[in-house]
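Novice: Just one file: query.txt, with compact mmCIF, C-alpha atoms.
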# COMPACT_ATOMS: atom_id res chain seq x y z
CA MET U 1 41.38 -6.94 -9.36
CA SER U 2 41.30 -4.92 -6.14
CA ALA U 3 38.06 -4.28 -4.26
CA GLU U 4 38.60 -0.54 -4.63
CA ARG U 5 38.79 -0.80 -8.42
CA ILE U 6 35.71 -3.03 -8.56
CA ILE U 7 33.72 -0.52 -6.53
CA ARG U 8 34.83 2.35 -8.79
CA GLU U 9 33.75 0.40 -11.86
CA GLN U 10 30.39 -0.50 -10.35
CA ARG U 11 29.74 3.12 -9.39
CA ARG U 12 30.39 4.02 -13.02
CA ALA U 13 28.00 1.32 -14.22
CA LEU U 14 25.26 2.63 -11.93
CA ASP U 15 25.81 6.20 -13.08
CA ASP U 16 25.67 5.14 -16.74
CA ALA U 17 22.31 3.50 -16.01
CA GLY U 18 20.98 6.67 -14.37
CA LEU U 19 21.04 5.13 -10.90
CA ARG U 20 22.23 6.18 -7.49
CA GLY U 21 22.40 3.29 -5.09
CA SER U 22 23.26 1.83 -1.72
CA PHE U 23 24.58 -1.74 -1.91
CA LEU U 24 25.89 -4.19 0.66
CA VAL U 25 26.81 -7.85 0.24
CA ARG U 26 27.91 -9.81 3.32
CA ASP U 27 29.18 -13.33 3.80
CA LEU U 28 26.82 -14.44 6.57
CA GLN U 29 29.33 -17.02 7.82
CA THR U 30 32.51 -14.93 8.00
CA GLY U 31 31.05 -11.42 8.27
CA ASP U 32 33.20 -10.20 5.35
CA GLU U 33 31.36 -7.59 3.33
CA LEU U 34 31.65 -5.28 0.35
CA GLY U 35 29.42 -2.33 -0.39
CA ILE U 36 28.72 0.95 -2.12
CA ASP U 37 27.42 3.69 0.21
CA PRO U 38 25.78 1.05 2.49
CA ASP U 39 24.76 3.61 5.12
CA LEU U 40 22.86 5.91 2.74
CA GLU U 41 19.26 6.15 3.94
CA PHE U 42 16.36 5.54 1.57
CA PRO U 43 12.57 5.38 1.83
CA THR U 44 11.92 1.65 1.99
CA ALA U 45 8.63 1.26 0.03
CA SER U 46 7.52 -2.40 0.32
CA LEU U 47 10.71 -3.49 2.10
CA VAL U 48 8.85 -2.37 5.23
CA LYS U 49 6.88 -5.61 4.98
CA ILE U 50 9.88 -7.56 6.34
CA PRO U 51 10.10 -5.80 9.73
CA LEU U 52 6.30 -5.87 9.92
CA ALA U 53 6.37 -9.65 9.46
CA LEU U 54 9.09 -9.97 12.09
CA ALA U 55 7.14 -7.92 14.65
CA THR U 56 3.91 -9.81 13.88
CA LEU U 57 5.61 -13.19 14.29
CA GLU U 58 7.19 -12.08 17.56
CA ARG U 59 3.69 -11.31 18.85
CA VAL U 60 2.45 -14.70 17.63
CA ARG U 61 5.34 -16.37 19.45
CA THR U 62 4.49 -14.66 22.73
CA GLY U 63 0.78 -15.46 22.39
CA GLU U 64 -0.38 -11.88 21.82
CA LEU U 65 -1.67 -12.83 18.37
CA ASP U 66 -3.10 -16.08 16.98
CA ALA U 67 -1.62 -17.15 13.64
CA ALA U 68 -4.80 -19.11 12.88
CA GLY U 69 -7.12 -16.28 13.90
CA THR U 70 -9.09 -14.91 10.97
CA VAL U 71 -9.87 -11.40 9.80
CA LEU U 72 -12.87 -10.48 7.64
CA ILE U 73 -11.69 -8.61 4.55
CA GLU U 74 -14.40 -6.39 3.06
CA PRO U 75 -13.76 -5.06 -0.48
CA GLY U 76 -14.04 -1.30 -0.49
CA PRO U 77 -12.81 0.81 2.43
CA MET U 78 -10.38 -1.87 3.64
CA THR U 79 -8.79 -2.33 0.24
CA VAL U 80 -5.47 -0.67 -0.60
CA PRO U 81 -4.81 -0.19 -4.33
CA GLY U 82 -2.55 -2.79 -5.87
CA PRO U 83 -2.16 -4.93 -8.99
CA MET U 84 -2.81 -8.28 -7.29
CA GLY U 85 -4.07 -10.00 -4.18
CA LEU U 86 -6.86 -8.72 -1.97
CA SER U 87 -7.23 -5.45 -3.87
CA GLN U 88 -8.70 -7.54 -6.68
CA PHE U 89 -11.19 -9.41 -4.47
CA ARG U 90 -14.85 -8.70 -5.25
CA HIS U 91 -16.41 -10.46 -2.26
CA PRO U 92 -15.82 -10.61 1.53
CA ALA U 93 -13.28 -13.20 2.66
CA GLN U 94 -12.14 -14.60 6.01
CA ILE U 95 -8.34 -14.89 6.00
CA ALA U 96 -6.04 -16.23 8.74
CA LEU U 97 -3.29 -13.97 10.07
CA ASP U 98 -0.59 -16.41 8.92
CA ASP U 99 -2.04 -16.33 5.39
CA LEU U 100 -2.06 -12.52 5.48
CA LEU U 101 1.69 -12.73 6.15
CA TYR U 102 2.06 -14.92 3.07
CA LEU U 103 0.10 -12.46 0.92
CA SER U 104 2.05 -9.48 2.26
CA MET U 105 5.52 -10.97 1.87
CA CYS U 106 5.22 -13.29 -1.13
CA LEU U 107 2.76 -11.34 -3.30
CA SER U 108 3.54 -7.90 -1.81
CA ASP U 109 -0.21 -7.52 -1.17
CA ASN U 110 -0.80 -4.01 0.16
CA THR U 111 -4.25 -4.70 1.61
CA ALA U 112 -2.95 -7.71 3.56
CA THR U 113 -0.07 -5.54 4.78
CA ASP U 114 -2.32 -2.83 6.14
CA VAL U 115 -4.58 -5.36 7.86
CA LEU U 116 -1.41 -6.54 9.63
CA PHE U 117 -0.47 -2.94 10.43
CA GLY U 118 -3.92 -2.56 11.99
CA LEU U 119 -2.94 -5.28 14.44
CA THR U 120 0.69 -4.23 14.90
CA PRO U 121 1.01 -0.45 14.27
CA PRO U 122 4.14 1.19 12.82
CA ASP U 123 5.46 2.52 16.14
CA TYR U 124 5.14 -0.96 17.66
CA VAL U 125 7.15 -2.44 14.77
CA THR U 126 9.93 0.12 15.29
CA ALA U 127 9.93 -0.65 19.02
CA VAL U 128 10.34 -4.38 18.33
CA LEU U 129 13.29 -3.65 16.06
CA GLU U 130 14.90 -1.53 18.77
CA GLU U 131 14.37 -4.25 21.38
CA LEU U 132 16.14 -6.71 19.09
CA GLY U 133 19.05 -4.30 18.66
CA LEU U 134 18.27 -3.64 14.98
CA SER U 135 18.98 0.03 14.27
CA GLY U 136 18.78 1.83 10.95
CA ILE U 137 15.19 0.92 10.03
CA THR U 138 12.32 3.21 11.03
CA VAL U 139 8.65 2.39 10.45
CA ARG U 140 6.40 5.47 10.48
CA HIS U 141 3.24 4.74 8.48
CA PRO U 142 1.13 1.94 6.97
CA ILE U 143 1.42 0.98 3.32
CA ARG U 144 -1.75 2.84 2.27
CA GLU U 145 0.20 6.12 2.26
CA LEU U 146 2.26 4.84 -0.67
CA SER U 147 -0.88 4.86 -2.82
CA ASP U 148 -1.34 8.61 -2.38
CA THR U 149 1.59 10.04 -4.34
CA PRO U 150 1.63 12.48 -7.29
CA ALA U 151 1.71 9.45 -9.61
CA ASP U 152 -1.83 8.62 -8.53
CA ARG U 153 -3.08 12.02 -9.69
CA PHE U 154 -1.83 11.70 -13.27
CA GLU U 155 -3.50 9.90 -16.13
CA PRO U 156 -1.63 6.72 -17.12
CA ALA U 157 -0.13 8.37 -20.20
CA GLU U 158 1.32 11.14 -18.01
CA ARG U 159 2.78 9.04 -15.17
CA HIS U 160 6.29 9.90 -16.35
CA LEU U 161 5.61 13.45 -15.11
CA ALA U 162 5.32 12.13 -11.55
CA HIS U 163 8.69 10.46 -11.98
CA SER U 164 10.15 13.77 -13.16
CA LEU U 165 8.84 15.40 -9.97
CA ALA U 166 10.26 12.59 -7.86
CA ILE U 167 13.68 13.05 -9.46
CA GLU U 168 13.79 16.83 -9.29
CA ALA U 169 12.19 17.57 -5.90
CA GLY U 170 14.71 15.95 -3.59
CA THR U 171 17.27 17.68 -1.38
CA GLY U 172 20.87 16.90 -0.56
CA GLY U 173 19.86 15.95 2.95
CA ARG U 174 17.46 13.25 1.68
CA GLY U 175 14.40 15.42 2.28
CA HIS U 176 11.77 15.60 -0.46
CA ARG U 177 8.64 17.53 -1.49
CA ILE U 178 6.90 14.17 -1.87
CA ARG U 179 6.52 12.97 1.71
CA GLN U 180 6.78 9.28 0.77
CA LEU U 181 10.28 9.98 -0.56
CA ASP U 182 11.42 12.07 2.43
CA VAL U 183 13.50 9.92 4.79
CA THR U 184 12.45 12.07 7.76
CA ARG U 185 8.74 11.34 7.16
CA ALA U 186 8.61 8.02 5.31
CA ASN U 187 9.44 4.49 6.35
CA SER U 188 13.20 4.45 5.92
CA GLY U 189 16.28 2.26 6.16
CA THR U 190 19.75 1.51 4.86
CA ALA U 191 21.33 -1.38 3.02
CA ARG U 192 23.41 -2.14 6.10
CA ALA U 193 20.36 -2.26 8.35
CA PHE U 194 18.56 -4.71 6.08
CA VAL U 195 21.62 -6.94 5.82
CA GLU U 196 21.80 -6.91 9.63
CA LEU U 197 18.16 -8.01 9.74
CA LEU U 198 18.79 -10.79 7.22
CA HIS U 199 21.92 -11.84 9.12
CA MET U 200 19.85 -12.18 12.28
CA VAL U 201 17.17 -14.19 10.49
CA TRP U 202 19.55 -16.62 8.79
CA THR U 203 21.82 -17.18 11.80
CA GLU U 204 18.97 -17.06 14.37
CA SER U 205 21.08 -14.63 16.36
CA GLY U 206 18.79 -12.82 18.80
CA LEU U 207 15.65 -14.31 17.24
CA GLU U 208 13.69 -17.36 18.30
CA PRO U 209 14.13 -20.17 15.72
CA VAL U 210 10.39 -20.40 15.02
CA VAL U 211 10.29 -16.71 14.05
CA ALA U 212 13.46 -16.85 11.95
CA GLU U 213 12.35 -20.01 10.14
CA ARG U 214 8.99 -18.53 9.16
CA ILE U 215 10.60 -15.35 7.80
CA ARG U 216 13.06 -17.43 5.76
CA THR U 217 10.15 -19.41 4.33
CA LEU U 218 8.23 -16.25 3.44
CA LEU U 219 11.24 -14.65 1.74
CA GLY U 220 11.83 -17.91 -0.14
CA GLY U 221 8.25 -17.82 -1.44
CA ASN U 222 8.53 -14.38 -3.04
CA VAL U 223 6.94 -14.53 -6.50
CA ILE U 224 8.36 -11.18 -7.71
CA ARG U 225 11.59 -12.35 -9.33
CA HIS U 226 12.46 -9.97 -12.17
CA ARG U 227 15.00 -7.76 -10.40
CA LEU U 228 17.91 -9.55 -8.69
CA ALA U 229 16.72 -13.14 -8.99
CA PRO U 230 18.11 -13.62 -12.55
CA ASP U 231 21.61 -12.97 -11.16
CA PHE U 232 21.33 -15.07 -8.02
CA SER U 233 19.08 -18.02 -8.88
CA SER U 234 20.50 -21.15 -10.47
CA ASP U 235 20.52 -24.94 -10.16
CA ALA U 236 23.32 -24.48 -7.63
CA SER U 237 21.84 -21.63 -5.58
CA THR U 238 18.59 -20.39 -4.07
CA TRP U 239 17.47 -16.77 -3.78
CA SER U 240 15.09 -15.59 -1.04
CA SER U 241 14.09 -11.94 -1.13
CA LYS U 242 11.68 -9.02 -0.95
CA THR U 243 11.38 -6.16 -3.42
CA GLY U 244 10.30 -2.56 -2.89
CA THR U 245 9.19 -0.12 -5.61
CA LEU U 246 7.82 3.41 -5.49
CA LEU U 247 8.09 6.05 -8.22
CA ASN U 248 11.83 6.21 -9.01
CA LEU U 249 12.83 3.86 -6.18
CA ARG U 250 13.80 0.26 -6.95
CA HIS U 251 14.95 -1.95 -4.09
CA GLU U 252 15.52 -5.59 -3.29
CA VAL U 253 17.05 -7.36 -0.30
CA GLY U 254 17.64 -11.07 0.08
CA VAL U 255 19.90 -14.02 0.74
CA VAL U 256 21.61 -16.30 -1.77
CA GLU U 257 22.50 -19.79 -0.53
CA HIS U 258 25.01 -21.72 -2.64
CA ALA U 259 25.25 -25.48 -2.94
CA ASP U 260 28.85 -25.31 -1.67
CA GLY U 261 27.58 -23.93 1.64
CA GLN U 262 28.37 -20.23 1.20
CA ILE U 263 25.57 -17.83 2.18
CA PHE U 264 25.44 -14.12 1.32
CA GLY U 265 23.09 -11.38 2.46
CA VAL U 266 22.41 -8.81 -0.25
CA ALA U 267 20.74 -5.40 0.03
CA VAL U 268 20.22 -3.06 -2.92
CA LEU U 269 18.42 0.28 -2.55
CA THR U 270 18.37 2.59 -5.57
CA GLU U 271 16.81 5.71 -7.04
CA SER U 272 16.70 6.53 -10.73
CA ARG U 273 17.14 9.90 -12.41
CA VAL U 274 15.44 8.62 -15.58
CA PRO U 275 11.77 9.74 -15.77
CA ALA U 276 10.35 6.43 -16.99
CA ILE U 277 8.16 3.83 -15.28
CA VAL U 278 9.57 0.78 -17.06
CA GLN U 279 13.38 0.56 -16.91
CA PRO U 280 14.52 -3.02 -17.61
CA GLU U 281 18.14 -1.96 -18.08
CA ALA U 282 18.20 -0.33 -14.66
CA GLU U 283 16.86 -3.57 -13.14
CA ALA U 284 19.55 -5.54 -14.99
CA VAL U 285 22.35 -3.22 -13.86
CA MET U 286 21.22 -3.51 -10.23
CA GLY U 287 21.57 -7.27 -10.46
CA ARG U 288 24.93 -7.18 -12.22
CA VAL U 289 26.43 -4.78 -9.68
CA ALA U 290 25.20 -6.85 -6.73
CA ARG U 291 26.45 -10.07 -8.34
CA THR U 292 29.86 -8.52 -9.03
CA LEU U 293 30.21 -7.59 -5.35
CA ARG U 294 29.17 -11.13 -4.37
CA ASP U 295 31.65 -12.67 -6.83
CA GLN U 296 34.46 -10.63 -5.31
CA LEU U 297 33.56 -11.82 -1.81
CA ARG U 298 33.46 -15.44 -2.95
CA VAL U 299 37.13 -15.34 -3.91
CA MET U 300 38.38 -13.27 -0.98
Translate the structure described by the file into C-alpha cells.
Specialist:
Amino acid sequence: MSAERIIREQRRALDDAGLRGSFLVRDLQTGDELGIDPDLEFPTASLVKIPLALATLERVRTGELDAAGTVLIEPGPMTVPGPMGLSQFRHPAQIALDDLLYLSMCLSDNTATDVLFGLTPPDYVTAVLEELGLSGITVRHPIRELSDTPADRFEPAERHLAHSLAIEAGTGGRGHRIRQLDVTRANSGTARAFVELLHMVWTESGLEPVVAERIRTLLGGNVIRHRLAPDFSSDASTWSSKTGTLLNLRHEVGVVEHADGQIFGVAVLTESRVPAIVQPEAEAVMGRVARTLRDQLRVM
C-alpha cells in the first residue's frame, strides 16, 4: 500500500474518532519519516517539561546549577494543583534538583516542574533551545498557568462544559479565547520540532552525552503509559516518552527502540472535538495511527 493511501486512511480514522492531529514518525538512523500535518502548531501542555529538563541539565553540566542541591518544598503557596506528587504532600520536604527532574518528567509533577521553572525561567529555556538550533518550540509560561482554565471554574459534574468551550472557541489561525490553548500566548510546538529534539537526544547530535543520557533515562521512566505505550511496548521493544494533556488536547512524544536495532522517534499532538473528559477510544486511535505510520517506515 502506498504511503499516500495510508495517510488518507489514517486521516479518516482520526476524523471518525473526533480528532484533529499532527503526527510525525522518523527513523532516527536513516532520517526517513512519515507524517500527518507535522508542522501544525499546538499548545504543548506538559510536553514543555522535556525542554525544561534539557535546559536545566545544560545548566547542571556547566556548573550553574547543582544536581544534588536541595530545595525546600512548602505545601501551600508553592504547590501547583495535580493528581499526584508534591501537590499531595502534607509536610515540608527537602528535595534535590535531580529528583525534581524525576518527579517532573516521570510523574508529570506540576509542583516539581514549577520549582524548576523558578530556577530556569521560560525565556531562558527558549533561549537554550535556540542556541542548540532547535526551532519550533516556544516556552512562554510556567506550568501553574495550566491550572487556571475554565475547567477549574466548573463543578466536576459540569467539566464537559469547559471542553465544549475549548472546542468551540478556537480560530482558524490557532488563536483561542482560552489563553492556554492559544499558540501565540501558550507554550507551543509542533510534532516535527519534538521529533527533532528526540533525534538530538538519541543521537547525541549537538548535545553533551551526559545531558542526552539523563533525558533518555527520564523519558524511559515515565509512569503514564495508557496512551501510546500499548502500541509501542513489547518484549521486543522499549518505549520512552512524555505525555501532555489539557482540556481537549492529548499529546505524547517518545522513542521506540526495537530489538532488531531500529529506532523511531514519534510525536503525536491532537485536539478533540468531542466534549468529554474521558475518551479511551480517542487514546486508542492515536496509538493505532502512530503505529501504522511506524509500520510503514519499517518496511520502506
Novice: Can you tell me, as a list in words, what residues are no more than 9 Å from Ser2 of chain U when counting only C-alpha atoms, ignoring any on the same chain fewer than 4 positions away?
Specialist: Ile6, Ile7 and Gln296 of chain U
Novice: Could you produce a table of the residues of segment 81-145 of chain U lying within 7 Å of segment 187-199 of chain U, with the nearest pair of atoms per residue and their separation in Å rounded to one decimal, using all atoms listed in the file, ordered by chain and increasing residue number, as a Markdown table?
Specialist:
| residue | atom | partner | partner_atom | distance |
| --- | --- | --- | --- | --- |
| U:Leu134 | CA | U:Leu197 | CA | 6.8 |
| U:Ser135 | CA | U:Ala193 | CA | 6.5 |
| U:Gly136 | CA | U:Ala193 | CA | 5.1 |
| U:Ile137 | CA | U:Gly189 | CA | 4.2 |
| U:Thr138 | CA | U:Ser188 | CA | 5.3 |
| U:Val139 | CA | U:Asn187 | CA | 4.7 |
| U:Arg140 | CA | U:Asn187 | CA | 5.2 |
| U:His141 | CA | U:Asn187 | CA | 6.6 |
Novice: Write out as CSV a residue-level contact list of segment 3-101 of chain U versus segment 122-128 of chain U with cut-off 12 Å: for each qualifying residue the closest pair of atoms and the distance in Å to one decimal, counting all atoms listed in the file, rows sorted by chain and residue number upward.
Specialist:
residue,atom,partner,partner_atom,distance
U:Val48,CA,U:Pro122,CA,9.6
U:Lys49,CA,U:Val125,CA,10.3
U:Ile50,CA,U:Val125,CA,10.2
U:Pro51,CA,U:Val125,CA,6.7
U:Leu52,CA,U:Val125,CA,6.0
U:Ala53,CA,U:Val125,CA,9.0
U:Leu54,CA,U:Val125,CA,8.2
U:Ala55,CA,U:Val125,CA,5.5
U:Thr56,CA,U:Val125,CA,8.1
U:Leu57,CA,U:Val128,CA,10.8
U:Glu58,CA,U:Val128,CA,8.4
U:Arg59,CA,U:Val128,CA,9.6
Novice: Restricting it to C-alpha atoms, dump the selection as a JSON list (two decimals), keeping the file's coordinate frame.
Specialist:
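Everything below was put into part-v4.json:
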[["chain", "number", "residue", "atom", "x", "y", "z"],
["U", 48, "VAL", "CA", 8.85, -2.37, 5.23],
["U", 49, "LYS", "CA", 6.88, -5.61, 4.98],
["U", 50, "ILE", "CA", 9.88, -7.56, 6.34],
["U", 51, "PRO", "CA", 10.10, -5.80, 9.73],
["U", 52, "LEU", "CA", 6.30, -5.87, 9.92],
["U", 53, "ALA", "CA", 6.37, -9.65, 9.46],
["U", 54, "LEU", "CA", 9.09, -9.97, 12.09],
["U", 55, "ALA", "CA", 7.14, -7.92, 14.65],
["U", 56, "THR", "CA", 3.91, -9.81, 13.88],
["U", 57, "LEU", "CA", 5.61, -13.19, 14.29],
["U", 58, "GLU", "CA", 7.19, -12.08, 17.56],
["U", 59, "ARG", "CA", 3.69, -11.31, 18.85]]
Novice: Can you find the residues with an atom no farther than 8 Å from (0.8, 2.7, -4.1), counting all atoms listed in the file, and report them as a list in words?
Specialist: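 Every polymer residue passing the test: Val80, Pro81, Gly82, Ile143, Arg144, Glu145, Leu146, Ser147, Asp148, Thr149, Asp152 and Leu246 of chain U.
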Novice: List every protein, DNA or RNA residue that has at least one atom no more than 10 Å from (15.3, -7.8, -13.0) in the file's coordinates, counting all atoms listed in the file, and write the result as a tab-separated table (two decimals) with C-alpha atoms, keeping the file's coordinate frame.
Specialist:
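Saved to selection.tsv:
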chain	number	residue	atom	x	y	z
U	224	ILE	CA	8.36	-11.18	-7.71
U	225	ARG	CA	11.59	-12.35	-9.33
U	226	HIS	CA	12.46	-9.97	-12.17
U	227	ARG	CA	15.00	-7.76	-10.40
U	228	LEU	CA	17.91	-9.55	-8.69
U	229	ALA	CA	16.72	-13.14	-8.99
U	230	PRO	CA	18.11	-13.62	-12.55
U	231	ASP	CA	21.61	-12.97	-11.16
U	252	GLU	CA	15.52	-5.59	-3.29
U	279	GLN	CA	13.38	0.56	-16.91
U	280	PRO	CA	14.52	-3.02	-17.61
U	281	GLU	CA	18.14	-1.96	-18.08
U	282	ALA	CA	18.20	-0.33	-14.66
U	283	GLU	CA	16.86	-3.57	-13.14
U	284	ALA	CA	19.55	-5.54	-14.99
U	285	VAL	CA	22.35	-3.22	-13.86
U	286	MET	CA	21.22	-3.51	-10.23
U	287	GLY	CA	21.57	-7.27	-10.46
U	288	ARG	CA	24.93	-7.18	-12.22
Novice: Which residue gives the smallest distance to Gln180 of chain U among U:Val115, U:Ala45, U:Ile95, U:Ala3, with only C-alpha atoms counted?
Specialist: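 Among the listed residues, U:Ala45 lies closest to Gln180 of chain U.
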Novice: Provide the atom CA of Met300 of chain U to atom CA of Ile36 of chain U distance in Å, to one decimal place.
Specialist: 17.2 Å
